[in-house]
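Text of coords01.cif (mmCIF, C-alpha atoms and all ligand atoms) as supplied:
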```cif
data_target
#
loop_
_atom_site.label_atom_id
_atom_site.label_comp_id
_atom_site.auth_asym_id
_atom_site.auth_seq_id
_atom_site.Cartn_x
_atom_site.Cartn_y
_atom_site.Cartn_z
CA MET W 26 22.36 7.30 -29.94
CA ASN W 27 20.53 10.26 -31.47
CA THR W 28 17.20 8.45 -31.19
CA LEU W 29 17.89 7.82 -27.49
CA LYS W 30 18.63 11.52 -26.97
CA LYS W 31 15.41 12.42 -28.75
CA ILE W 32 13.39 9.99 -26.62
CA ALA W 33 15.00 11.44 -23.46
CA GLN W 34 13.61 14.84 -24.40
CA PHE W 35 10.00 13.60 -24.31
CA PRO W 36 8.02 14.17 -21.13
CA LEU W 37 8.34 11.34 -18.62
CA TYR W 38 4.81 10.04 -19.12
CA ILE W 39 5.33 9.68 -22.88
CA GLN W 40 8.54 7.77 -22.19
CA ILE W 41 6.64 5.50 -19.79
CA VAL W 42 3.84 4.89 -22.31
CA PHE W 43 6.53 4.13 -24.89
CA ALA W 44 8.21 1.71 -22.44
CA LEU W 45 4.86 0.03 -21.78
CA ILE W 46 4.18 -0.52 -25.48
CA LEU W 47 7.69 -1.88 -26.02
CA ALA W 48 7.32 -4.14 -22.98
CA ILE W 49 4.05 -5.59 -24.27
CA ILE W 50 5.69 -6.35 -27.63
CA VAL W 51 8.75 -7.95 -26.01
CA GLY W 52 6.55 -9.87 -23.52
CA ILE W 53 4.48 -11.29 -26.38
CA ILE W 54 7.59 -12.21 -28.40
CA LEU W 55 9.00 -14.00 -25.34
CA GLY W 56 5.90 -16.16 -25.06
CA ALA W 57 3.15 -14.24 -23.20
CA GLY W 58 2.69 -16.80 -20.43
CA ASN W 59 4.49 -19.71 -22.16
CA PRO W 60 8.11 -18.54 -22.08
CA ILE W 61 10.09 -19.55 -25.16
CA ILE W 62 13.41 -19.18 -23.35
CA SER W 63 14.50 -20.15 -19.86
CA PRO W 64 12.36 -18.33 -17.23
CA SER W 65 15.44 -17.64 -15.14
CA LEU W 66 16.86 -15.59 -18.05
CA ILE W 67 13.60 -13.68 -18.39
CA GLU W 68 13.66 -12.91 -14.69
CA HIS W 69 16.77 -10.77 -15.25
CA LEU W 70 14.54 -8.26 -16.99
CA ALA W 71 13.41 -7.14 -13.54
CA LEU W 72 16.94 -5.97 -12.66
CA PRO W 73 16.47 -2.25 -13.50
CA CYS W 74 13.31 -2.25 -11.42
CA THR W 75 15.06 -3.83 -8.43
CA LEU W 76 17.89 -1.31 -8.63
CA ILE W 77 15.58 1.67 -9.02
CA LEU W 78 13.47 0.59 -6.04
CA LYS W 79 16.59 0.15 -3.95
CA ALA W 80 17.66 3.68 -4.87
CA LEU W 81 14.22 5.03 -3.96
CA ARG W 82 14.34 3.26 -0.61
CA THR W 83 17.75 4.76 0.06
CA LEU W 84 16.59 8.25 -0.77
CA ALA W 85 13.36 8.11 1.23
CA THR W 86 14.86 8.68 4.68
CA PRO W 87 17.14 11.65 3.89
CA LEU W 88 14.32 13.17 1.88
CA ILE W 89 11.84 13.03 4.76
CA PHE W 90 14.47 14.09 7.30
CA LEU W 91 15.47 17.17 5.33
CA ALA W 92 11.89 17.98 4.27
CA ILE W 93 10.78 18.23 7.90
CA ILE W 94 13.69 20.41 9.01
CA HIS W 95 13.43 22.54 5.87
CA THR W 96 9.70 23.12 6.35
CA PHE W 97 10.09 24.11 9.99
CA LEU W 98 13.01 26.40 9.25
CA THR W 99 11.66 28.22 6.24
CA ALA W 100 7.86 28.32 6.60
CA GLU W 101 6.59 31.79 7.40
CA ILE W 102 3.39 31.19 9.33
CA PRO W 103 1.85 33.99 11.37
CA SER W 104 1.31 32.44 14.81
CA ARG W 105 -2.45 33.25 14.83
CA SER W 106 -3.05 31.25 11.64
CA GLY W 107 -0.58 28.52 12.58
CA ARG W 108 -2.99 26.52 14.71
CA LYS W 109 -5.89 26.83 12.28
CA LEU W 110 -3.61 25.80 9.44
CA ALA W 111 -2.30 22.79 11.33
CA PHE W 112 -5.86 21.71 12.21
CA LEU W 113 -7.02 22.02 8.60
CA LEU W 114 -4.02 20.14 7.24
CA ILE W 115 -4.34 17.27 9.69
CA THR W 116 -8.10 16.84 9.29
CA ASN W 117 -7.88 16.92 5.49
CA THR W 118 -5.06 14.38 5.39
CA LEU W 119 -6.78 12.09 7.89
CA MET W 120 -9.97 12.24 5.86
CA ALA W 121 -8.02 11.37 2.69
CA ILE W 122 -6.47 8.32 4.31
CA ILE W 123 -9.76 7.17 5.82
CA ILE W 124 -11.46 7.50 2.42
CA GLY W 125 -8.58 5.58 0.79
CA LEU W 126 -8.68 2.77 3.33
CA LEU W 127 -12.49 2.51 3.20
CA VAL W 128 -12.58 2.34 -0.59
CA ALA W 129 -9.76 -0.24 -0.67
CA ASN W 130 -11.49 -2.35 2.01
CA ILE W 131 -14.86 -2.20 0.27
CA LEU W 132 -13.79 -2.59 -3.38
CA GLN W 133 -10.92 -5.01 -2.58
CA PRO W 134 -9.06 -4.27 -5.85
CA GLY W 135 -6.27 -6.72 -5.00
CA ILE W 136 -8.37 -9.86 -4.98
CA HIS W 137 -8.82 -9.94 -8.78
CA GLY W 138 -6.22 -11.83 -10.79
CA ASN W 139 -2.99 -13.20 -9.47
CA LEU W 140 -0.21 -10.61 -9.51
CA GLU W 141 2.34 -12.37 -7.34
CA LEU W 142 5.94 -11.72 -8.27
CA GLY W 143 7.16 -15.02 -6.88
CA ILE W 144 9.19 -13.31 -4.19
CA ASP W 145 9.60 -15.21 -0.94
CA ILE W 146 7.60 -13.38 1.63
CA LYS W 147 7.77 -13.98 5.31
CA PRO W 148 4.35 -13.30 6.79
CA SER W 149 4.41 -9.94 8.48
CA GLU W 150 4.99 -10.10 12.18
CA LYS W 151 4.55 -6.40 12.59
CA THR W 152 1.41 -5.45 14.41
CA LEU W 153 0.67 -2.35 16.36
CA ASP W 154 2.09 -3.03 19.78
CA PRO W 155 1.77 0.23 21.75
CA TRP W 156 4.37 -0.77 24.37
CA GLY W 157 6.80 -1.98 21.77
CA LEU W 158 6.25 1.20 19.79
CA LEU W 159 6.84 3.33 22.88
CA GLN W 160 10.07 1.50 23.67
CA ASP W 161 11.11 1.84 20.07
CA LEU W 162 10.50 5.60 19.93
CA ILE W 163 14.00 6.63 20.92
CA PRO W 164 16.74 5.42 18.58
CA ASP W 165 20.00 3.96 19.85
CA SER W 166 21.92 6.59 17.93
CA VAL W 167 21.14 9.67 15.86
CA VAL W 168 22.01 7.98 12.57
CA LYS W 169 20.33 4.62 13.31
CA PRO W 170 16.88 5.64 11.98
CA LEU W 171 18.55 6.65 8.71
CA VAL W 172 20.31 3.29 8.53
CA ASP W 173 17.28 1.19 9.50
CA ASN W 174 14.72 3.25 7.54
CA ASN W 175 12.74 3.53 10.78
CA VAL W 176 10.16 6.25 10.10
CA ILE W 177 8.92 6.88 13.61
CA GLN W 178 12.43 7.27 15.04
CA LEU W 179 13.39 9.37 12.06
CA ILE W 180 10.50 11.74 12.72
CA ILE W 181 11.50 12.06 16.38
CA VAL W 182 15.08 12.97 15.46
CA ALA W 183 14.03 15.30 12.63
CA LEU W 184 11.37 17.04 14.73
CA SER W 185 13.79 17.55 17.62
CA PHE W 186 16.29 19.25 15.35
CA ALA W 187 13.57 21.14 13.48
CA ILE W 188 11.94 22.55 16.62
CA VAL W 189 15.25 23.55 18.18
CA LEU W 190 16.55 25.14 14.99
CA ARG W 191 13.31 27.08 14.53
CA GLY W 192 13.51 28.29 18.13
CA LEU W 193 17.11 29.39 17.65
CA LYS W 194 16.20 31.18 14.44
CA THR W 195 13.44 33.14 16.20
CA LYS W 196 15.84 34.02 19.02
CA PHE W 197 18.54 35.20 16.61
CA ILE W 198 16.03 37.28 14.65
CA GLU W 199 14.86 38.95 17.86
CA GLU W 200 18.47 39.78 18.67
CA ASN W 201 19.00 41.09 15.13
CA LYS W 202 21.60 38.40 14.47
CA THR W 203 21.99 36.37 11.29
CA ASP W 204 23.86 33.38 12.76
CA TYR W 205 21.06 31.02 11.70
CA LEU W 206 21.47 31.81 8.00
CA PRO W 207 24.36 29.39 7.21
CA ILE W 208 22.50 26.38 8.65
CA GLU W 209 19.27 27.41 6.90
CA LYS W 210 21.18 27.67 3.62
CA LEU W 211 22.92 24.34 4.23
CA ILE W 212 19.62 22.56 4.87
CA THR W 213 18.05 24.18 1.79
CA VAL W 214 20.97 23.18 -0.42
CA LEU W 215 21.06 19.61 0.94
CA PHE W 216 17.30 19.30 0.47
CA GLU W 217 17.60 20.51 -3.11
CA ALA W 218 20.51 18.14 -3.70
CA VAL W 219 18.48 15.12 -2.54
CA ILE W 220 15.60 16.22 -4.77
CA ILE W 221 17.98 16.41 -7.74
CA ILE W 222 19.15 12.85 -7.06
CA VAL W 223 15.51 11.75 -6.76
CA HIS W 224 14.99 13.36 -10.19
CA TRP W 225 17.83 11.29 -11.61
CA VAL W 226 16.34 8.07 -10.30
CA ILE W 227 12.88 9.02 -11.50
CA LYS W 228 14.27 9.62 -15.00
CA LEU W 229 15.12 5.91 -15.04
CA VAL W 230 11.58 4.80 -14.18
CA PRO W 231 10.70 3.98 -17.85
CA PHE W 232 13.42 1.27 -17.73
CA ALA W 233 11.84 -0.18 -14.60
CA VAL W 234 8.43 -0.19 -16.26
CA PHE W 235 9.81 -1.87 -19.36
CA GLY W 236 11.60 -4.55 -17.36
CA ILE W 237 8.86 -5.47 -14.94
CA VAL W 238 6.03 -5.42 -17.51
CA SER W 239 7.89 -7.41 -20.15
CA GLN W 240 8.99 -9.93 -17.53
CA THR W 241 5.49 -10.36 -16.11
CA ILE W 242 3.86 -10.70 -19.55
CA ALA W 243 6.51 -13.13 -20.76
CA LEU W 244 6.19 -15.36 -17.70
CA LYS W 245 2.52 -15.04 -16.82
CA GLY W 246 0.67 -13.45 -19.74
CA PHE W 247 -1.82 -10.62 -19.31
CA ALA W 248 -4.04 -12.03 -16.55
CA PRO W 249 -1.98 -10.51 -13.69
CA PHE W 250 -2.82 -7.00 -14.87
CA LYS W 251 -6.52 -7.42 -14.24
CA SER W 252 -6.27 -6.40 -10.61
CA LEU W 253 -4.22 -3.33 -11.56
CA GLY W 254 -7.21 -2.14 -13.59
CA PHE W 255 -9.39 -2.52 -10.49
CA PHE W 256 -6.79 -0.68 -8.44
CA VAL W 257 -6.75 2.28 -10.85
CA ILE W 258 -10.55 2.48 -10.68
CA ALA W 259 -10.54 2.23 -6.88
CA VAL W 260 -7.96 5.03 -6.55
CA ILE W 261 -9.92 7.28 -8.90
CA VAL W 262 -13.15 6.64 -6.95
CA ALA W 263 -11.36 7.53 -3.69
CA LEU W 264 -9.82 10.69 -5.17
CA ILE W 265 -13.23 11.80 -6.45
CA LEU W 266 -14.69 11.26 -2.95
CA GLN W 267 -11.87 13.37 -1.52
CA ALA W 268 -12.66 16.12 -4.07
CA ILE W 269 -16.32 16.03 -2.98
CA TYR W 270 -15.19 16.32 0.64
CA TYR W 271 -13.12 19.43 -0.25
CA LEU W 272 -16.02 21.05 -2.05
CA THR W 273 -18.30 20.40 0.92
CA ARG W 274 -15.78 21.98 3.28
CA VAL W 275 -15.37 24.96 0.96
CA TYR W 276 -19.18 25.35 0.82
CA PHE W 277 -19.64 25.33 4.59
CA GLY W 278 -16.36 26.90 5.70
CA SER W 279 -15.71 29.76 3.27
CA TRP W 280 -17.43 32.43 1.21
CA VAL W 281 -16.35 30.78 -2.08
CA HIS W 282 -19.01 28.87 -4.00
CA PRO W 283 -17.82 25.34 -4.86
CA ILE W 284 -18.74 25.75 -8.54
CA ASP W 285 -16.68 28.96 -8.78
CA PHE W 286 -13.92 27.22 -6.86
CA ILE W 287 -13.66 24.53 -9.52
CA LYS W 288 -14.28 26.78 -12.54
CA LYS W 289 -11.89 29.54 -11.53
CA GLY W 290 -9.36 27.16 -10.08
CA SER W 291 -9.33 24.90 -13.12
CA ASP W 292 -6.08 26.38 -14.48
CA ALA W 293 -4.22 25.14 -11.41
CA LEU W 294 -5.92 21.74 -11.42
CA ILE W 295 -5.22 21.17 -15.12
CA THR W 296 -1.61 22.28 -14.72
CA ALA W 297 -1.24 19.87 -11.79
CA PHE W 298 -2.64 17.03 -13.87
CA SER W 299 -0.42 17.79 -16.83
CA THR W 300 2.84 18.37 -14.94
CA ALA W 301 2.29 15.80 -12.13
CA SER W 302 4.10 18.28 -9.91
CA SER W 303 2.45 20.40 -7.25
CA THR W 304 5.64 22.42 -6.87
CA ALA W 305 5.70 23.30 -10.57
CA THR W 306 2.02 24.24 -10.28
CA MET W 307 2.55 26.39 -7.16
CA PRO W 308 2.88 29.81 -8.88
CA ILE W 309 -0.29 29.14 -10.89
CA THR W 310 -2.17 27.95 -7.80
CA PHE W 311 -1.13 31.12 -6.00
CA GLU W 312 -2.20 33.32 -8.89
CA VAL W 313 -5.62 31.75 -9.48
CA LEU W 314 -6.40 31.92 -5.76
CA ILE W 315 -5.77 35.66 -5.71
CA GLU W 316 -6.62 36.84 -9.21
CA LYS W 317 -9.47 34.55 -10.20
CA ILE W 318 -11.06 33.26 -7.01
CA GLY W 319 -10.34 36.50 -5.15
CA LEU W 320 -8.86 35.29 -1.86
CA ARG W 321 -6.71 37.51 0.33
CA GLU W 322 -3.00 37.26 -0.42
CA SER W 323 -2.26 36.06 3.12
CA SER W 324 -4.72 33.14 2.84
CA ALA W 325 -3.48 32.22 -0.62
CA SER W 326 0.11 32.14 0.54
CA LEU W 327 -0.71 29.99 3.57
CA GLY W 328 -2.41 27.33 1.46
CA ALA W 329 -0.49 27.51 -1.80
CA LEU W 330 3.01 28.36 -0.61
CA VAL W 331 3.20 26.91 2.89
CA GLY W 332 0.65 24.10 2.44
CA SER W 333 2.07 22.89 -0.85
CA ASN W 334 5.33 22.06 0.92
CA PHE W 335 3.86 19.38 3.08
CA ASN W 336 0.17 19.08 2.36
CA ASN W 337 -0.24 16.14 0.00
CA ASP W 338 -3.59 14.54 0.72
CA GLY W 339 -3.78 12.79 -2.66
CA THR W 340 -0.40 11.20 -1.98
CA ALA W 341 -1.45 10.11 1.54
CA LEU W 342 -4.61 8.50 0.17
CA TYR W 343 -2.67 6.76 -2.57
CA GLU W 344 0.05 5.41 -0.30
CA ALA W 345 -2.47 3.95 2.14
CA MET W 346 -4.47 2.37 -0.69
CA SER W 347 -1.34 0.93 -2.27
CA ALA W 348 -0.34 -0.79 0.96
CA LEU W 349 -3.77 -2.33 1.28
CA PHE W 350 -3.87 -3.32 -2.38
CA ILE W 351 -0.55 -5.15 -2.18
CA SER W 352 -1.57 -6.88 1.06
CA GLN W 353 -4.73 -8.08 -0.74
CA ILE W 354 -2.68 -9.37 -3.67
CA LEU W 355 -0.50 -11.30 -1.25
CA ASN W 356 -3.56 -12.59 0.56
CA GLN W 357 -2.18 -11.05 3.73
CA GLN W 358 -5.07 -8.78 4.68
CA LEU W 359 -3.86 -6.10 7.07
CA THR W 360 -5.43 -6.12 10.51
CA LEU W 361 -7.09 -3.01 11.90
CA THR W 362 -4.04 -2.17 13.99
CA GLN W 363 -1.79 -2.58 10.96
CA GLN W 364 -4.10 -0.28 9.02
CA ILE W 365 -3.70 2.30 11.79
CA MET W 366 0.05 1.95 11.35
CA VAL W 367 -0.43 2.49 7.60
CA MET W 368 -2.43 5.59 8.44
CA LEU W 369 0.28 7.06 10.66
CA THR W 370 3.10 6.34 8.27
CA SER W 371 1.11 7.57 5.26
CA ILE W 372 0.68 10.95 6.96
CA ILE W 373 4.43 11.16 7.43
CA ALA W 374 5.16 9.80 3.98
CA SER W 375 2.88 12.37 2.38
CA VAL W 376 4.54 15.19 4.32
CA GLY W 377 7.92 13.95 3.15
CA ALA W 378 6.90 13.51 -0.49
CA ALA W 379 8.36 16.34 -2.56
CA GLY W 380 6.02 18.06 -5.01
CA ILE W 381 7.63 16.46 -8.03
CA PRO W 382 6.48 13.65 -10.34
CA GLU W 383 6.49 10.16 -8.79
CA ALA W 384 7.77 11.39 -5.42
CA GLY W 385 5.03 9.37 -3.72
CA LEU W 386 6.80 6.19 -4.84
CA VAL W 387 9.92 7.20 -2.92
CA THR W 388 8.25 7.64 0.46
CA MET W 389 5.87 4.72 -0.09
CA THR W 390 8.77 2.41 0.71
CA LEU W 391 8.53 3.58 4.32
CA VAL W 392 4.81 2.82 4.58
CA PHE W 393 5.44 -0.69 3.27
CA THR W 394 8.32 -1.39 5.64
CA SER W 395 6.31 -0.22 8.63
CA VAL W 396 3.85 -3.10 8.23
CA GLY W 397 6.29 -5.63 6.82
CA LEU W 398 5.10 -5.55 3.19
CA PRO W 399 7.80 -6.32 0.61
CA THR W 400 8.82 -3.12 -1.15
CA GLU W 401 9.56 -5.13 -4.31
CA TYR W 402 5.84 -5.01 -4.98
CA ILE W 403 5.99 -1.27 -5.50
CA ALA W 404 7.38 -2.29 -8.89
CA ILE W 405 3.90 -3.37 -9.92
CA LEU W 406 2.54 0.06 -9.09
CA VAL W 407 5.21 1.73 -11.20
CA THR W 408 3.32 0.57 -14.30
CA VAL W 409 0.25 2.67 -13.50
CA ASP W 410 1.87 5.36 -11.42
CA TRP W 411 2.52 7.74 -14.31
CA PHE W 412 -1.26 8.16 -14.63
CA LEU W 413 -2.33 7.95 -10.98
CA ASP W 414 0.42 10.43 -10.09
CA ARG W 415 -1.31 13.06 -12.23
CA CYS W 416 -4.66 12.40 -10.59
CA ARG W 417 -3.29 12.58 -7.04
CA THR W 418 -1.26 15.70 -7.83
CA ALA W 419 -4.47 17.45 -8.92
CA ILE W 420 -5.98 16.47 -5.55
CA ASN W 421 -2.83 17.65 -3.74
CA VAL W 422 -3.25 21.06 -5.36
CA MET W 423 -7.00 21.08 -4.72
CA GLY W 424 -6.19 20.38 -1.06
CA ASP W 425 -3.91 23.45 -0.93
CA MET W 426 -6.60 25.55 -2.58
CA THR W 427 -9.20 24.28 -0.09
CA VAL W 428 -7.00 25.18 2.86
CA SER W 429 -6.56 28.69 1.42
CA ALA W 430 -10.32 29.13 1.00
CA LEU W 431 -10.99 27.90 4.53
CA VAL W 432 -8.33 30.18 6.00
CA ASP W 433 -9.94 33.07 4.07
CA GLY W 434 -13.11 32.38 6.03
CA LYS W 435 -16.73 33.24 5.47
CA THR W 436 -16.33 36.92 4.68
CA ARG W 437 -15.18 38.04 1.28
CA LYS W 438 -12.27 40.48 1.07
CA GLU W 439 -14.18 43.43 -0.46
CA LYS W 440 -17.21 42.84 1.75
CA LEU W 441 -15.03 43.12 4.83
CA GLU W 442 -13.42 46.30 3.50
CA GLU W 443 -16.86 47.78 2.67
CA ALA W 444 -18.12 46.95 6.16
CA PHE W 445 -15.07 48.65 7.64
CA ILE W 446 -15.62 51.75 5.50
CA GLU W 447 -19.31 51.90 6.45
CA THR W 448 -18.57 51.66 10.15
CA GLY W 449 -15.66 54.03 9.85
CA ILE W 450 -13.11 51.46 11.01
CA LYS W 451 -9.80 51.50 9.20
N1 LIG T 501 3.59 14.17 -7.86
C1 LIG T 501 3.04 14.54 -6.59
C2 LIG T 501 3.06 16.02 -6.42
O1 LIG T 501 3.82 16.69 -7.06
C3 LIG T 501 3.74 13.86 -5.46
C4 LIG T 501 3.52 12.36 -5.54
O2 LIG T 501 4.22 11.68 -6.28
O3 LIG T 501 2.60 11.87 -4.88
O4 LIG T 501 2.30 16.55 -5.65
#
```

Written as structure tokens, how would this file's structure read?
Ligand code: ASP
Amino acid sequence: MNTLKKIAQFPLYIQIVFALILAIIVGIILGAGNPIISPSLIEHLALPCTLILKALRTLATPLIFLAIIHTFLTAEIPSRSGRKLAFLLITNTLMAIIIGLLVANILQPGIHGNLELGIDIKPSEKTLDPWGLLQDLIPDSVVKPLVDNNVIQLIIVALSFAIVLRGLKTKFIEENKTDYLPIEKLITVLFEAVIIIVHWVIKLVPFAVFGIVSQTIALKGFAPFKSLGFFVIAVIVALILQAIYYLTRVYFGSWVHPIDFIKKGSDALITAFSTASSTATMPITFEVLIEKIGLRESSASLGALVGSNFNNDGTALYEAMSALFISQILNQQLTLTQQIMVMLTSIIASVGAAGIPEAGLVTMTLVFTSVGLPTEYIAILVTVDWFLDRCRTAINVMGDMTVSALVDGKTRKEKLEEAFIETGIK
């Protein structure tokens, strides 16, 4: 009991590494490809994974629903910067997804080694049918999207509430009334409550890793993991390309030199990598942007505080690549229209992903369902997610920093002040 308590105090990634090692040992003992006991017994090892994935699927919709309303209600964006911010966020996220899809299409990480879980899969019938999609936009009832895990309908419902509530808030503030406060508090508390439950489920991820890895090794040996290695490399290549894209944008769109950007911003990037949480990194991101890089406080807060709530380019890239990877494993290459669907849902899924470790796994379930991929296969990704999560979190934070630098513009703070002093403008 005491040992268990001690293990529970280790950081999640250590627990996952520990679970991996244990799983390899158990998998080898059970036969490593030539099971020494009945395969149907060994299959039960996947139970924790199945349960944890079910819980993640359940949490995905309320999480996204509340995240959207919460962001609209609480974000303080000066209207002048609002449009620029929205443009920067959308273009960066789109670029991330395009890079992810291109790399996954070119490197085809899923064609190496056979990783099939032996789940019965009906070939996906979901393609992008614009008329069907249009007819499907409006749900039959307000709660139906939550029940069906229908992302597009969910977004419509959430956005309607979010826009109306924001409008009411502005009206009340103008009239010096505080009637909006209870609903704002309620949404904030509910959002936090869902995140706490997500935390609980995520704490159990080491069990899922243990179960799925030991089961796979016992039944099929080590060969299935070959393609995962290719996947990890492909994701890292794509994330590096995204980082290069950020640096290019910083070079052309702001006064900050890309080398300084990386050097002075390294505290935030390293913290993001070590905590796997962009929310936990937020105060450090904010500080390095102002104190070390020297951005204006307003620009830093737009990127680091507002952006970090819903700007998760690394997560978007990863979710799109994961969908493609699994479709390659299943030999069910996604058509162009399906990839466009992946693109749309990945944007939404990345907005809905909270800035906490492994949150991308929660919303990924929605991307998979949108193109008819079996969410059970997310289990395979769980084994490498502890590492890739750190890499994509660093890119999430770098994305927030980039947005801040771009909002800060081409003129440095002091230079602008000096120019004002020289020309006598205050
Ligand atoms: N861990 C990421 C973050 O905090 C979210 C994710 O899992 O993709 O930004």

Practice prompt. Counting only C-alpha atoms, figure out which residue out of W:Ile62, W:Ile309, W:Met423, W:Ile124 gets nearest to Pro283 in chain W.
Written response: W:Met423

Do you have, as CSV, the list of residues of chain W lying at most 10 Å from ligand LIG 501 (chain T), each with its nearest atom pair and that distance in Å to one decimal, counting all atoms listed in the file and ordered by chain then number?
```
residue,atom,partner,partner_atom,distance
W:Ala297,CA,T:LIG501,O1,7.6
W:Phe298,CA,T:LIG501,N1,9.1
W:Thr300,CA,T:LIG501,O1,8.1
W:Ala301,CA,T:LIG501,N1,4.8
W:Ser302,CA,T:LIG501,O1,3.3
W:Ser303,CA,T:LIG501,O1,4.0
W:Thr304,CA,T:LIG501,O1,6.0
W:Ala305,CA,T:LIG501,O1,7.7
W:Thr306,CA,T:LIG501,O1,8.4
W:Met307,CA,T:LIG501,O1,9.8
W:Ser333,CA,T:LIG501,O4,8.0
W:Asn334,CA,T:LIG501,O4,9.1
W:Phe335,CA,T:LIG501,O4,9.3
W:Asn336,CA,T:LIG501,O4,8.7
W:Asn337,CA,T:LIG501,O4,6.2
W:Asp338,CA,T:LIG501,O3,8.8
W:Gly339,CA,T:LIG501,O3,6.8
W:Thr340,CA,T:LIG501,O3,4.2
W:Ala341,CA,T:LIG501,O3,7.8
W:Leu342,CA,T:LIG501,O3,9.4
W:Tyr343,CA,T:LIG501,O3,7.7
W:Glu344,CA,T:LIG501,O3,8.3
W:Ala374,CA,T:LIG501,O3,9.5
W:Ser375,CA,T:LIG501,O3,7.3
W:Val376,CA,T:LIG501,C3,9.9
W:Gly377,CA,T:LIG501,C3,9.6
W:Ala378,CA,T:LIG501,C3,5.9
W:Ala379,CA,T:LIG501,C3,6.0
W:Gly380,CA,T:LIG501,O1,3.3
W:Ile381,CA,T:LIG501,O1,3.9
W:Pro382,CA,T:LIG501,N1,3.8
W:Glu383,CA,T:LIG501,O2,3.7
W:Ala384,CA,T:LIG501,O2,3.7
W:Gly385,CA,T:LIG501,O2,3.5
W:Leu386,CA,T:LIG501,O2,6.2
W:Val387,CA,T:LIG501,O2,8.0
W:Thr388,CA,T:LIG501,O2,8.8
W:Met389,CA,T:LIG501,O3,9.2
W:Asp410,CA,T:LIG501,O2,8.5
W:Trp411,CA,T:LIG501,O2,9.1
W:Leu413,CA,T:LIG501,O3,8.8
W:Asp414,CA,T:LIG501,N1,5.4
W:Arg415,CA,T:LIG501,N1,6.7
W:Cys416,CA,T:LIG501,N1,8.9
W:Arg417,CA,T:LIG501,O3,6.3
W:Thr418,CA,T:LIG501,O4,4.3
W:Ala419,CA,T:LIG501,O4,7.6
W:Ile420,CA,T:LIG501,O4,8.3
W:Asn421,CA,T:LIG501,O4,5.6
W:Val422,CA,T:LIG501,O4,7.2
```

Practice prompt. Find, counting only C-alpha atoms, the residue in W:Leu320, W:Met368, W:Val313, W:Ile122 that gets nearest to Trp280 in chain W.
Written response: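 Smallest separation from Trp280 in chain W among the options: W:Leu320.
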
Discussion item. Calculated over only C-alpha atoms, which of the candidates W:His69, W:Lys245, W:Arg191, W:Lys79 has the smallest distance to Gly56 in chain W?
Written reply: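 Looking only at the distances to Gly56 in chain W, the closest residue turns out to be W:Lys245.
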
Discussion item. What's the separation between CA of Ile163 in chain W and CA of Gln178 in chain W, in Å to one decimal place?
Written reply: 6.1 Å

Worksheet entry | Exercise: range 31-45 of chain W partners within 7 Å, only C-alpha atoms, chain neighbours under 4 positions left out, as a PyMOL selection string | chain W and resi 27+49+231+234-235+411

Discussion item. As an exercise, work out the distance from CA of Ala48 in chain W to CA of Leu78 in chain W in Å and give it to one decimal place.
Written reply: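 Those two atoms sit 18.6 Å apart.
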
Practice prompt. Using CA of Thr360 in chain W and CA of Ile131 in chain W as the two end points, give the distance in Å to one decimal.
Written response: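 About the pair CA of Thr360 in chain W and CA of Ile131 in chain W: they are 14.5 Å apart.
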
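Distance annotation: of W:Val238, W:Val189, W:Ala129, W:Ile198, the residue with the minimal separation from Ser352 in chain W is W:Ala129; atom set is all atoms listed in the file.
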
Item to complete: Go through W:Leu162, W:Leu113, W:Val51, W:Ala121 one by one, measure the shortest atom-to-atom distance of each to Ala268 in chain W using all atoms listed in the file, and give the residue with the smallest value.
Response: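 Closest residue, counting all atoms listed in the file: W:Ala121.
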
Fill in: Nearest residue to Ile93 in chain W from the set W:Leu114, W:Ile188, W:Pro164, W:Leu264 (distances using only C-alpha atoms)
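Checking each candidate against Ile93 in chain W, we get W:Ile188 as the closest.
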
Give me, as a PDB file with C-alpha atoms, in the frame of the given file, all polymer residues having an atom no more than 12 Å from Val172 in chain W, counting all atoms listed in the file and skipping those fewer than 5 positions away in the same chain.
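Here's the written file around-v1.pdb:
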```pdb
ATOM      1  CA  ARG W  82      14.340   3.260  -0.610  1.00  0.00           C
ATOM      2  CA  THR W  83      17.750   4.760   0.060  1.00  0.00           C
ATOM      3  CA  LEU W  84      16.590   8.250  -0.770  1.00  0.00           C
ATOM      4  CA  ALA W  85      13.360   8.110   1.230  1.00  0.00           C
ATOM      5  CA  THR W  86      14.860   8.680   4.680  1.00  0.00           C
ATOM      6  CA  PRO W  87      17.140  11.650   3.890  1.00  0.00           C
ATOM      7  CA  PRO W 164      16.740   5.420  18.580  1.00  0.00           C
ATOM      8  CA  ASP W 165      20.000   3.960  19.850  1.00  0.00           C
ATOM      9  CA  SER W 166      21.920   6.590  17.930  1.00  0.00           C
ATOM     10  CA  VAL W 167      21.140   9.670  15.860  1.00  0.00           C
ATOM     11  CA  GLN W 178      12.430   7.270  15.040  1.00  0.00           C
ATOM     12  CA  LEU W 179      13.390   9.370  12.060  1.00  0.00           C
TER      13      LEU W 179
END
```

Fill in: Selection near Ala233 in chain W, 9 Å with only C-alpha atoms, sequence-local residues under 4 positions removed, as a list in words
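So the residues in contact are Ala44, Leu70, Ala71, Leu72, Pro73, Cys74, Thr75, Leu76, Ile77, Leu78, Leu229, Ile237, Val238, Ala404, Val407 and Thr408 of chain W.
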
Hey, could you pull the box centre and edge lengths for range 76-83 of chain W, axis-aligned, 8 Å padding per side, all listed atoms, to one decimal in Å, as JSON?
```
{"center_x": 15.7, "center_y": 1.9, "center_z": -4.5, "size_x": 20.4, "size_y": 22.3, "size_z": 25.1}
```
